[in-house]
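The structure under discussion appears below in the form of structure tokens.
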2 protein chains.
Amino acid sequence: MSSIPAPPNPRSSIAEERVNPSFPVRELTYWIDGGRRVTELKERIMLELERDPLWRVNDHPNLSLAETRERAMSKIRRLADLATSRPLEETMTRMSIISVVDPGFWTRFGVHFGLFFGALQGQATPSQMAYWMDKGALSMQGITGCFGMTELGHGSNVAGLETTATLDERTDEFVVHSPTLTATKWWIGGAAHTATHCAVYAQLIVKDQCYGTKTFVVQLRDTKTFALMPGVNVGDLGKKMGRDQIDNGWIRFTHVRIPRSHMLMKHTKVTRSGDVIEPPLAQLAYGALIQGRVSMVSDSANVAKRALTIATRYASVRRQFGGSASAGASETKLIDYPIHQYRLLPLMAQTFAMIFTAREVTANYEKLMGELSDLGDATGAAADDVIKNLKETHATSAGLKAFCTWMCLNIIDQCRQSLGGHGYSAYTGLAQAYSDFAVHCTWEGDNTILTLQCGRYLVATALDARKGLPLPENLSYLRGAVSATGGLSGHACKGDSAEQVSSLDTLKSAWSSVAANAILNAVRDFEAGLGKGLSKDDAYEFSSASRLHAARMHTYTYLLHRFAAQVDQSPAALRPVLTLLAQLFGAHSAVQHSGEFLQSGFYTGSQIETLKGFVSFACSEIRKDAVSLTDAFNYTDYVVNSPLGRFDGDVYEKYFELVTSLNPAKPVPYFDSLIRPLLERTDETETGPELEIDEE
Amino acid sequence: MSSIPAPPNPRSSIAEERVNPSFPVRELTYWIDGGRRVTELKERIMLELERDPLWRVNDHPNLSLAETRERAMSKIRRLADLATSRPLEETMTRMSIISVVDPGFWTRFGVHFGLFFGALQGQATPSQMAYWMDKGALSMQGITGCFGMTELGHGSNVAGLETTATLDERTDEFVVHSPTLTATKWWIGGAAHTATHCAVYAQLIVKDQCYGTKTFVVQLRDTKTFALMPGVNVGDLGKKMGRDQIDNGWIRFTHVRIPRSHMLMKHTKVTRSGDVIEPPLAQLAYGALIQGRVSMVSDSANVAKRALTIATRYASVRRQFGGSASAGASETKLIDYPIHQYRLLPLMAQTFAMIFTAREVTANYEKLMGELSDLGDATGAAADDVIKNLKETHATSAGLKAFCTWMCLNIIDQCRQSLGGHGYSAYTGLAQAYSDFAVHCTWEGDNTILTLQCGRYLVATALDARKGLPLPENLSYLRGAVSATGGLSGHACKGDSAEQVSSLDTLKSAWSSVAANAILNAVRDFEAGLGKGLSKDDAYEFSSASRLHAARMHTYTYLLHRFAAQVDQSPAALRPVLTLLAQLFGAHSAVQHSGEFLQSGFYTGSQIETLKGFVSFACSEIRKDAVSLTDAFNYTDYVVNSPLGRFDGDVYEKYFELVTSLNPAKPVPYFDSLIRPLLERTDETETGPELEIDEE
């Protein structure tokens with residue numbers, strides 16, 4: 001009988017993908033993780049989480065807001081002891097896994113340990129630190145903290161915050177006050193339900209003079225009863241797009257008095273007699289900003305790994321339409337369609353670019369912080385070098401944070417769309433991943449503002465270089481360019497063959513040349529602004545579109561160069577597949593921005609066509625290893641947390657089981673009250689009596 | 001005292017935006033809506049909805065899944081009578097407003113009236129139609145319907161569905177059966193809680209022969225008790241990314257018997273004796289597909305209008321950083337930053353392009369359906385023309401559906417990100433709008449598959465034209481191009497001034513030339529595939545990346561031409577602002593795809609730079625009218641449903657009121673159970689006794 005056959009066993013569909021990988025999969029895992037020891041640590045932690053019922057995550061879509069928050073709170077105790085008793089590396093590794101498994105919880109935990117405690121670390125004097133440690137501020141024994149920076153009317157502009165902390169010299173206290181509605185502290189994670197204390201950013205006012213924004217520890221709640229302190233009003237911000245595990249709240253202060261010593265005085269100090277002692281230039285403040293940004297590059301890579309694991313494995317199992325029309329033939333695997341390869345595999349290449357860049361910038365950041373700490377208060381040439389690197393890292397990390405979080409957000413949604421209708425289910429993982437991740441584009445510096453910061457640095461550096469100042473290493477591609485007047489004619493692709501057009505060296509030069517060009521265009525627009533008589537700041541605003549563009553081109557160039565550097569250092573057995581991925585990253589991104597390459601004169605139109613051909617070729621090659629590459633990411637099914645991304649390919653059975661177990665059969669709750677009356681209703685349209693006057 | 005001032009009154013910030021619009025705002029509303037009568041009808045309906053407590057929508061974020069679904073059901077009764085008693089135009093207008101206000105409800109209602117009843121209209125014979133009308137299938141008096149097409153293992157490929165309907169000649173019944181797990185009907189809206197009957201797509205099997213997918217009406221539930229019918233199992237798909245108002249479910253059939261007459265037999269017929277009578281070519285089936293796609297172009301425009309209203313009004317009120325550093329100066333409105341204009345105003349131009357295109361394709365579709373209906377069974381030249389138009393509309397609407405839904409999804413998220421942190425709140429409207437809208441990219445034809453269909457048509461049409469067949473009007477830009485061998489050298493921008501580079505006529509030519517080029521590239525790749533010995537289908541797969549690209553270029557070209565046509569016909573007072581918006585649409589899109597224009601030779605690199613300058617200029621001009629343009633969209637605050645998008649600009653007060661009223665102060669629910677034990681815990685790390693052996 002000629003009927004329609006069931007799809008082939010999905011387990012065997014995925015098994016055949018693993019028969020002959022072109023590289024040693026476990027080796028790649030070690031290389032990605034940074035060594036076997038790290039891989040094994042991750043595996044130990046993934047197993048611990050999976051076995052703890054409190055860490056169940058596949059039922060998250062069915063929890064109410066109240067249940068979601070309560071479960072998150074119950075996990076805090078589990079982690080609080082571990083966080084202070086276990087080595088820092090283990091804690092950091094655990095948190096990086098949790099940031100993928102349960103990003104909302106990660107935020108709730110991070111508000112205390114990262115933001116509140118981080119504020120103490122960065123801004124408290126030694127005796128203040130000792131005081132708060134003694135109170136239990138690190139271990140949450142006595143104190144749970146939150147971080148009170150943003151206000152209802154003020155986000156990115158910290159200098160414009162309205163909350164005031166006014167010294168009352170008579171009582172030696174600060175009076176913390178929210179003068180207006182827009183001064184209400186807003187988005188404060190942990191404020192609604194969790195925190196006893198808050199690190200409050202407020203305008204320091206002494207003797208009627210405002211000294212700008214400083215940080216003050218303000219107690220919100222009685223630690224024994226949790227009753228709000230006098231003058232403190234707190235509310236719940238309720239539902240959010242994602243990360244409902246954390247209880248964001250608002251806080252209003254009405255003349256709240258705190259001891260003078262609750263102002264964190266590592267930098268600015270206020271004496272008993274009301275003298276304000278301001279610090280010399282505080283470059284160190286950059287450090288904390290950079291750390292947050294660098295961690296978001298890692299997070300982008302980690303979340304993208306999960307999204308691609310789900311999309312790639314599903315594409316190796318799901319079948320749709322047939323190559324041939326003969327009845328009974330299997331439908332074709334999605335991943336065998338060139339267009340599906342084209343949808344997913346450039347995203348795979350982007351993910352690897354972020355993985356390797358994250359590793360390198362994390363290492364650079366740690367090295368730089370070490371140098372900075374060694375430097376102490378020293379000045380001179382060595383100090384200048386460190387400061388120069390710090391500025392460069394600050395700007396580059398701003399661009400990386402912005403473009404990597406945007407890239408990852410796009411990867412999540414493209415992967416979700418590639419699942420077809422099943423991507424719209426709450427149980428297949430990527431809808432929630434999108435909602436959870438989206439805030440990364442806004443917090444720790446709004447992406448657009450960060451790109452403009454990065455672009456401003458690029459313009460300023462190019463102008464400095466024109467004056468003869470040396471360029472930082474990562475901007476060495478500007479060498480020569482800054483003195484050229486029109487374009488970079490020396491930089492053009494030599495040769496028309498696919499090998500020549502798409503080699504990693506050519507792509508590196510291509511991107512360097514385009515980035516240099518984009519920076520010069522931004523310089524040109526900035527100078528045009530000055531030429532119109534604009535102030536420096538206004539000239540920067542005037543050139544903002546080209547500044548943003550320059551930051552984008554610089555960041556892609558940086559990603560490609562870091563990726564290529566890691567390929568060079570990789571074990572020989574991994575180098576072919578990693579090289580191809582790096583080429584795909586560079587070539588696909590170049591095709592996406594082909595106008596820049598044509599305008600800079602690096603590629604001709606026909607070379608761009610050759611590059612497009614290479615992208616298709618690279619996709620078809622990487623397609624053979626696609627499932628093995630997701631295996632190398634080494635996320636367990638627990639971390640992948642999607643029936644469509646299972647290692648064993650058994651997607652349909654497990655998806656059906658999950659959906660039916662979480663939504664057991666029940667009678668329709670409103671049949672009697674709503675449906676029966678609908679079905680059984682009769683027409684009740686009033687026509688009215690016939691009127692005598694109409695009867696004529 | 002030099003403290004930080006509160007932001008200026010937001011009401012006056014927005015009021016000053018309305019002082020001097022460059023166009024008559026009310027006129028533009030009429031022009032957008034299609035006349036004063038339509039505007040007034042919309043206003044009447046918006047008011048009716050706003051005043052009905054059942055239609056409250058600003059508390060949606062705080063409803064549970066069960067509450068969400070129950071409230072949606074309670075609205076169905078309200079609308080069921082109106083839908084059948086009021087004129088069709090009013091019903092369609094009401095539904096288009098509801099699709100913005102409450103998209104999940106719109107879907108739930110649409111499943112019965114659009115999909116289930118639509119299947120009857122399109123596929124039932126007259127006597128079958130009379131039977132089901134008599135049963136109450138239109139008015140939901142006795143029957144509520146759902147639409148059973150997709151299966152767990154099968155989405156886009158309807159021909160590959162596994163469900164079978166096998167004729168039992170002895171009893172004159174069909175036996176409907178789900179043979180496998182992957183045959184389970186999946187995503188069936190209304191199945192979980194609402195529907196009594198389902199229009200089931202299944203393989204027709206008669207005398208052991210399979211005749212492909214046909215439609216069968218299968219009763220799911222007893223209409224008096226709502227008990228499931230024998231052999232029918234139904235389950236609930238639970239939480240989704242969005243549109244939780246509709247109860248999507250799964251259905252499995254186990255040898256369910258239905259009368260033979262429950263197969264819808266307008267096209268294929270099965271006689272009592274088991275003869276299958278297949279219809280001649282059924283071009284009419286295209287009609288229903290096109291209608292769904294056309295309606296999504298309108299929906300994209302309508303939803304984008306809301307997103308831009310919120311983002312633009314907020315940007316006119318929100319202030320951040322200052323132009324000058326002098327203490328006490330107001331911060332600058334977001335919308336006064338060139339980069340913010342650059343973020344929002346090209347999206348505004350895209351929205352207008354979709355508004356006018358939607359109107360024109362809707363009118364064309366209706367005209368075409370009229371012609372088709374007039375044509376009846378006629379053949380000959382007139383019929384060929386109609387069929388040719390039908391094919392062109394089918395392909396163009398596929399591309400429009402895909403690129404407009406993608407465009408709108410991007411607009412929503414860009415607008416959401418432009419709200420900064422407040423975009424992440426569930427109460428500011430755009431997070432949910434994104435989640436609700438996202439499914440538009442998948443259902444009614446997955447966007448990627450639709451773009452490939454469109455691209456395939458474009459390739460085939462170019463090949464036909466090369467053989468001398470006439471081109472349809474919307475592809476007239478291919479004239480000449482198809483015979484050219486290398487590029488379109490005759491088509492290049494004449495002149496380098498901003499006026500010449502960015503005039504609407506130049507932009508129309510530019511896009512036509514680039515679209516022609518992209519189609520020729522796809523033809524070239526297709527022919528290269530054939531040259532490698534691939535089958536026609538495989539050659540199309542081989543050329544899928546360039547086909548997708550050709551569809552994109554064609555669709556943008558189509559949008560620009562339709563937009564320009566509407567500008568030409570618009571009232572004189574509106575023409576300047578609409579012309580500028582059309583130019584911005586064409587120029588910004590061209591800059592985004594500058595590589596294509598450089599490769600086609602239409603623009604030089606320096607002309608592209610001029611075009612970029614024009615984009616900035618156009619943004620700064622349109623910025624002056626930005627709020628007035630959102631006013632012209634004429635959505636009431638009820639429809640906008642976001643405190644940040646209020647007409648009066650009073651965003652902070654109303655946002656605070658909404659959040660606090662929906663999340664009233666309550667004691668922390670788990671203080672005693674979870675927080676107190678955390679705060680009061682002591683270290684309990686086991687160190688173990690000292691071992692004698694260690695004491696040496």
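Every chain in the structure tokens takes a letter, A first, then B, and so on in the order presented; its residues are numbered from 1, and the ligands are numbered from 1 following the presented order.
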
Next on the checklist: I want to know what sits within 12 Å of Gly118 (chain A), based on only C-alpha atoms, with residues of the same chain fewer than 4 positions away left out; could you give that as a PyMOL selection string?
Outcome noted: chain A and resi 110-114+122-124+129+137-138+145-147+199+215+264+285+287-289+291-292

Item to check | Minimum-distance residue to chain B, chosen among A:Val206, A:Leu368, A:Ala395, A:Ile519 (using only C-alpha atoms) | outcome: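 Under the stated criterion, the closest residue is A:Val206.
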
Next on the checklist: Need the shell around Glu43 (chain B): protein/DNA/RNA residues with any atom at most 12 Å away, counting only C-alpha atoms. Skip same-chain ones fewer than 2 positions apart. Format as a list in words?
Outcome noted: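 Everything that qualifies: Thr29, Tyr30, Asp33, Arg36, Arg37, Val38, Thr39, Glu40, Leu41, Ile45, Met46, Leu47, Glu48, Leu49, Glu50, Glu90, Thr93, Arg94, Ile97, Phe633, Asn634, Tyr635, Thr636, Asp637, Tyr638 and Val639 of chain B.
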
So that I have them on file, write out the residues from the current selection with N, CA and C atoms, as a compact mmCIF listing (two decimals), in the first residue's frame.
# COMPACT_ATOMS: atom_id res chain seq x y z
N THR B 29 -3.73 61.04 8.54
CA THR B 29 -4.48 59.91 9.09
C THR B 29 -5.48 59.39 8.06
N TYR B 30 -6.23 60.30 7.47
CA TYR B 30 -7.22 59.87 6.46
C TYR B 30 -6.53 59.15 5.32
N ASP B 33 -5.42 55.70 6.45
CA ASP B 33 -6.53 54.78 6.69
C ASP B 33 -7.32 54.48 5.43
N ARG B 36 -11.67 59.43 5.48
CA ARG B 36 -12.23 59.86 6.76
C ARG B 36 -13.23 58.85 7.34
N ARG B 37 -14.02 58.26 6.46
CA ARG B 37 -15.02 57.29 6.92
C ARG B 37 -14.35 56.13 7.67
N VAL B 38 -13.24 55.64 7.10
CA VAL B 38 -12.54 54.52 7.74
C VAL B 38 -11.92 54.97 9.07
N THR B 39 -11.34 56.15 9.08
CA THR B 39 -10.77 56.68 10.32
C THR B 39 -11.83 56.74 11.41
N GLU B 40 -13.00 57.24 11.05
CA GLU B 40 -14.04 57.38 12.07
C GLU B 40 -14.57 56.02 12.53
N LEU B 41 -14.62 55.07 11.62
CA LEU B 41 -15.01 53.71 12.01
C LEU B 41 -13.98 53.14 13.00
N ILE B 45 -14.55 51.98 16.96
CA ILE B 45 -14.23 50.64 17.47
C ILE B 45 -13.21 50.71 18.61
N MET B 46 -12.21 51.57 18.47
CA MET B 46 -11.22 51.69 19.55
C MET B 46 -11.90 52.12 20.84
N LEU B 47 -12.87 53.04 20.73
CA LEU B 47 -13.57 53.52 21.92
C LEU B 47 -14.42 52.41 22.54
N GLU B 48 -15.11 51.65 21.70
CA GLU B 48 -15.93 50.54 22.21
C GLU B 48 -15.07 49.55 22.99
N LEU B 49 -13.94 49.22 22.43
CA LEU B 49 -13.07 48.25 23.10
C LEU B 49 -12.55 48.82 24.42
N GLU B 50 -12.10 50.06 24.38
CA GLU B 50 -11.52 50.68 25.57
C GLU B 50 -12.52 50.73 26.73
N GLU B 90 -16.80 46.31 8.82
CA GLU B 90 -16.64 46.63 10.24
C GLU B 90 -15.94 45.50 10.97
N THR B 93 -12.28 45.51 10.12
CA THR B 93 -11.60 46.63 10.77
C THR B 93 -11.42 46.34 12.26
N ARG B 94 -12.47 45.81 12.89
CA ARG B 94 -12.35 45.47 14.30
C ARG B 94 -11.24 44.44 14.51
N ILE B 97 -7.78 45.92 14.36
CA ILE B 97 -7.39 46.62 15.59
C ILE B 97 -7.06 45.62 16.69
N PHE B 633 -0.68 58.21 12.97
CA PHE B 633 -1.07 56.79 13.04
C PHE B 633 -2.40 56.64 13.77
N ASN B 634 -2.64 57.60 14.69
CA ASN B 634 -3.97 57.73 15.30
C ASN B 634 -4.35 56.53 16.16
N TYR B 635 -3.40 55.96 16.84
CA TYR B 635 -3.73 54.93 17.82
C TYR B 635 -4.04 55.63 19.14
N THR B 636 -5.14 55.27 19.77
CA THR B 636 -5.45 55.83 21.09
C THR B 636 -4.49 55.23 22.13
N ASP B 637 -4.42 55.89 23.28
CA ASP B 637 -3.57 55.36 24.36
C ASP B 637 -3.95 53.93 24.71
N TYR B 638 -5.22 53.62 24.57
CA TYR B 638 -5.65 52.24 24.86
C TYR B 638 -4.97 51.25 23.93
N VAL B 639 -4.91 51.60 22.64
CA VAL B 639 -4.30 50.70 21.66
C VAL B 639 -2.77 50.69 21.82

Item to check | DSSP helix (DSSP H, G or I) residues within region 388-494 of chain B, as a PyMOL selection string | outcome: chain B and resi 388-418+420-424+430-441+447-466+473-478

Pull C-alpha atoms from the residues just selected and write them as a CSV table (one decimal), in the first residue's frame.
chain,number,residue,atom,x,y,z
B,388,LYS,CA,-0.1,34.9,-15.0
B,389,ASN,CA,-1.1,37.7,-12.6
B,390,LEU,CA,-2.1,35.2,-10.0
B,391,LYS,CA,1.3,33.5,-10.2
B,392,GLU,CA,3.0,36.9,-10.0
B,393,THR,CA,0.9,37.9,-7.0
B,394,HIS,CA,1.5,34.5,-5.3
B,395,ALA,CA,5.2,34.9,-5.6
B,396,THR,CA,5.4,38.6,-4.7
B,397,SER,CA,3.1,38.1,-1.7
B,398,ALA,CA,5.4,35.3,-0.5
B,399,GLY,CA,8.4,37.6,-0.6
B,400,LEU,CA,6.4,40.4,1.0
B,401,LYS,CA,5.1,38.2,3.8
B,402,ALA,CA,8.6,37.1,4.6
B,403,PHE,CA,10.5,40.4,4.4
B,404,CYS,CA,7.7,42.5,6.0
B,405,THR,CA,7.3,40.2,9.0
B,406,TRP,CA,11.1,40.1,9.4
B,407,MET,CA,11.2,43.9,9.0
B,408,CYS,CA,8.4,44.3,11.6
B,409,LEU,CA,10.1,41.9,14.1
B,410,ASN,CA,13.3,43.9,13.8
B,411,ILE,CA,11.4,47.2,14.2
B,412,ILE,CA,9.8,45.9,17.4
B,413,ASP,CA,13.1,44.9,18.9
B,414,GLN,CA,14.9,48.0,17.8
B,415,CYS,CA,12.2,50.2,19.3
B,416,ARG,CA,12.3,48.1,22.5
B,417,GLN,CA,16.0,48.5,22.8
B,418,SER,CA,15.7,52.2,22.2
B,420,GLY,CA,16.8,51.4,27.4
B,421,GLY,CA,16.1,49.4,30.6
B,422,HIS,CA,12.4,50.3,30.5
B,423,GLY,CA,12.1,48.2,27.3
B,424,TYR,CA,12.7,45.1,29.5
B,430,LEU,CA,7.3,45.9,23.3
B,431,ALA,CA,8.7,42.7,25.0
B,432,GLN,CA,5.3,41.0,24.6
B,433,ALA,CA,4.8,42.5,21.2
B,434,TYR,CA,8.0,40.8,20.1
B,435,SER,CA,7.0,37.4,21.5
B,436,ASP,CA,3.5,37.7,20.0
B,437,PHE,CA,4.7,38.8,16.6
B,438,ALA,CA,7.6,36.4,16.2
B,439,VAL,CA,5.4,33.5,15.1
B,440,HIS,CA,4.4,35.5,12.0
B,441,CYS,CA,7.9,34.6,10.6
B,447,ASN,CA,9.7,32.8,5.8
B,448,THR,CA,12.8,31.1,4.4
B,449,ILE,CA,10.7,28.7,2.4
B,450,LEU,CA,8.6,31.6,1.1
B,451,THR,CA,11.6,33.6,0.0
B,452,LEU,CA,12.9,30.6,-1.9
B,453,GLN,CA,9.5,30.2,-3.6
B,454,CYS,CA,9.6,33.8,-4.6
B,455,GLY,CA,13.2,33.5,-5.8
B,456,ARG,CA,12.3,30.4,-7.8
B,457,TYR,CA,9.5,32.3,-9.5
B,458,LEU,CA,11.9,35.2,-10.3
B,459,VAL,CA,14.4,32.8,-11.9
B,460,ALA,CA,11.8,31.1,-13.9
B,461,THR,CA,10.3,34.4,-15.1
B,462,ALA,CA,13.7,35.7,-16.2
B,463,LEU,CA,14.3,32.4,-18.1
B,464,ASP,CA,10.8,32.7,-19.7
B,465,ALA,CA,11.5,36.3,-20.6
B,466,ARG,CA,14.8,35.3,-22.3
B,473,GLU,CA,4.2,44.6,-14.8
B,474,ASN,CA,6.0,44.3,-11.4
B,475,LEU,CA,8.9,42.7,-13.1
B,476,SER,CA,9.2,45.1,-16.0
B,477,TYR,CA,12.5,46.2,-14.7
B,478,LEU,CA,13.9,42.9,-16.0

Item to check | Spatial neighbours of region 664-680 of chain B, 7 Å, only C-alpha atoms, chain gap at least 5 places, as a PyMOL selection string | outcome: chain A and resi 70+73-74+77+140-143+193+235

Would you output that residue set with N, CA and C atoms, as a short mmCIF file (atom, residue, chain, number, x, y, z; two decimals), in the first residue's frame?
data_model
loop_
_atom_site.label_atom_id
_atom_site.label_comp_id
_atom_site.auth_asym_id
_atom_site.auth_seq_id
_atom_site.Cartn_x
_atom_site.Cartn_y
_atom_site.Cartn_z
N GLU A 70 10.61 32.14 44.32
CA GLU A 70 10.84 31.37 45.54
C GLU A 70 11.88 30.28 45.30
N MET A 73 15.28 31.75 45.32
CA MET A 73 15.77 32.06 46.66
C MET A 73 16.27 30.81 47.35
N SER A 74 15.56 29.69 47.13
CA SER A 74 15.93 28.47 47.83
C SER A 74 17.29 27.96 47.36
N ARG A 77 20.93 29.65 49.28
CA ARG A 77 21.61 29.03 50.43
C ARG A 77 22.61 27.97 49.97
N MET A 140 26.76 36.53 53.17
CA MET A 140 25.32 36.65 53.37
C MET A 140 24.91 36.13 54.75
N GLN A 141 25.78 36.26 55.71
CA GLN A 141 25.39 35.91 57.09
C GLN A 141 25.11 37.21 57.82
N GLY A 142 23.90 37.69 57.71
CA GLY A 142 23.56 38.95 58.35
C GLY A 142 23.19 40.04 57.36
N ILE A 143 23.78 39.96 56.18
CA ILE A 143 23.54 41.01 55.19
C ILE A 143 23.31 40.41 53.80
N HIS A 193 12.47 41.78 47.24
CA HIS A 193 12.29 40.66 48.17
C HIS A 193 13.51 40.23 48.97
N GLY A 235 9.18 48.92 46.38
CA GLY A 235 8.11 48.24 45.64
C GLY A 235 8.68 47.24 44.67
#

Checklist entry - Which residues, written as a VMD selection string, have at least one atom at most 10 Å from region 158-173 of chain B, with only C-alpha atoms counted and residues fewer than 6 positions away on the same chain left out? => result (chain A and resid 3 to 7 319 to 322 330 to 331) or (chain B and resid 149 to 152 179 to 185 200 to 210 212 to 216 252 to 253 255 to 263 270 to 274)

Next on the checklist: I need the residues in region 273-501 of chain B that are strand (DSSP E or B) according to DSSP; give them as number ranges by chain.
Outcome noted: B: 276-277, 319, 333, 425

Output all heavy atoms for every residue in the selection just made, as a PDB file, in the first residue's frame.
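Now in selection-v8.pdb:
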ATOM      1  N   VAL B 276     -12.515   7.673  -7.170  1.00  0.00           N
ATOM      2  CA  VAL B 276     -11.950   8.968  -6.799  1.00  0.00           C
ATOM      3  C   VAL B 276     -11.914   9.837  -8.042  1.00  0.00           C
ATOM      4  O   VAL B 276     -11.317   9.452  -9.055  1.00  0.00           O
ATOM      5  CB  VAL B 276     -10.538   8.819  -6.207  1.00  0.00           C
ATOM      6  CG1 VAL B 276      -9.958  10.180  -5.851  1.00  0.00           C
ATOM      7  CG2 VAL B 276     -10.575   7.907  -4.987  1.00  0.00           C
ATOM      8  N   ILE B 277     -12.588  10.982  -7.970  1.00  0.00           N
ATOM      9  CA  ILE B 277     -12.636  11.882  -9.119  1.00  0.00           C
ATOM     10  C   ILE B 277     -11.766  13.087  -8.798  1.00  0.00           C
ATOM     11  O   ILE B 277     -12.095  13.892  -7.916  1.00  0.00           O
ATOM     12  CB  ILE B 277     -14.079  12.316  -9.413  1.00  0.00           C
ATOM     13  CG1 ILE B 277     -14.926  11.069  -9.646  1.00  0.00           C
ATOM     14  CG2 ILE B 277     -14.120  13.246 -10.630  1.00  0.00           C
ATOM     15  CD1 ILE B 277     -16.412  11.336  -9.546  1.00  0.00           C
ATOM     16  N   ARG B 319      15.257  62.283  28.629  1.00  0.00           N
ATOM     17  CA  ARG B 319      16.450  63.110  28.475  1.00  0.00           C
ATOM     18  C   ARG B 319      17.645  62.382  29.070  1.00  0.00           C
ATOM     19  O   ARG B 319      17.520  61.683  30.066  1.00  0.00           O
ATOM     20  CB  ARG B 319      16.256  64.465  29.162  1.00  0.00           C
ATOM     21  CG  ARG B 319      15.223  65.323  28.457  1.00  0.00           C
ATOM     22  CD  ARG B 319      14.778  66.489  29.302  1.00  0.00           C
ATOM     23  NE  ARG B 319      13.703  67.226  28.650  1.00  0.00           N
ATOM     24  CZ  ARG B 319      13.894  68.239  27.806  1.00  0.00           C
ATOM     25  NH1 ARG B 319      15.113  68.642  27.500  1.00  0.00           N
ATOM     26  NH2 ARG B 319      12.858  68.844  27.245  1.00  0.00           N
ATOM     27  N   LYS B 333      17.059  65.739  24.973  1.00  0.00           N
ATOM     28  CA  LYS B 333      16.084  64.713  24.571  1.00  0.00           C
ATOM     29  C   LYS B 333      16.778  63.652  23.725  1.00  0.00           C
ATOM     30  O   LYS B 333      17.566  63.988  22.833  1.00  0.00           O
ATOM     31  CB  LYS B 333      15.005  65.342  23.694  1.00  0.00           C
ATOM     32  CG  LYS B 333      14.006  66.209  24.397  1.00  0.00           C
ATOM     33  CD  LYS B 333      12.996  66.732  23.345  1.00  0.00           C
ATOM     34  CE  LYS B 333      11.948  67.621  23.975  1.00  0.00           C
ATOM     35  NZ  LYS B 333      10.972  68.097  22.970  1.00  0.00           N
ATOM     36  N   SER B 425      10.847  45.932  30.816  1.00  0.00           N
ATOM     37  CA  SER B 425       9.670  45.742  31.662  1.00  0.00           C
ATOM     38  C   SER B 425       8.548  45.105  30.855  1.00  0.00           C
ATOM     39  O   SER B 425       8.391  45.373  29.666  1.00  0.00           O
ATOM     40  CB  SER B 425       9.196  47.094  32.194  1.00  0.00           C
ATOM     41  OG  SER B 425       7.919  46.965  32.790  1.00  0.00           O
TER      42      SER B 425
END

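CA of Ala349 (chain A) sits 5.1 Å away from CA of Leu581 (chain A).
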
Next on the checklist: Can you pull out the residues contacting Ser628 (chain A)? Cut-off 9 Å, using only C-alpha atoms, and skip same-chain residues under 6 positions away; I want them as a list in words.
Outcome noted: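 Listed by chain and then number, they are Glu17, Arg18, Pro21, Ser22, Phe23 and Val25 of chain A.
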
Next on the checklist: So that I can check the surroundings of Ile251 (chain B), please list as a ChimeraX atom specification every protein, DNA and RNA residue that reaches within 10 Å of it, counting only C-alpha atoms and ignoring chain neighbours fewer than 3 positions away.
Outcome noted: /B:148,151-152,178,183-188,191-192,198,220,232-236,254

Checklist entry - What gap, in Å, lies between CA of Ser373 (chain A) and CA of Tyr558 (chain A)? => result 26.2 Å

Within 10 Å of region 586-596 of chain B, which residues of region 298-362 of chain B come that close, and what is the closest atom pair and distance in Å for each? Count only C-alpha atoms and give it as CSV.
residue,atom,partner,partner_atom,distance
B:Tyr342,CA,B:His588,CA,9.6
B:Leu345,CA,B:His588,CA,9.9
B:Pro346,CA,B:His588,CA,6.6
B:Leu347,CA,B:His588,CA,9.6
B:Ala349,CA,B:Gly586,CA,8.8
B:Gln350,CA,B:Ser589,CA,9.1
B:Ala353,CA,B:Gly586,CA,9.5
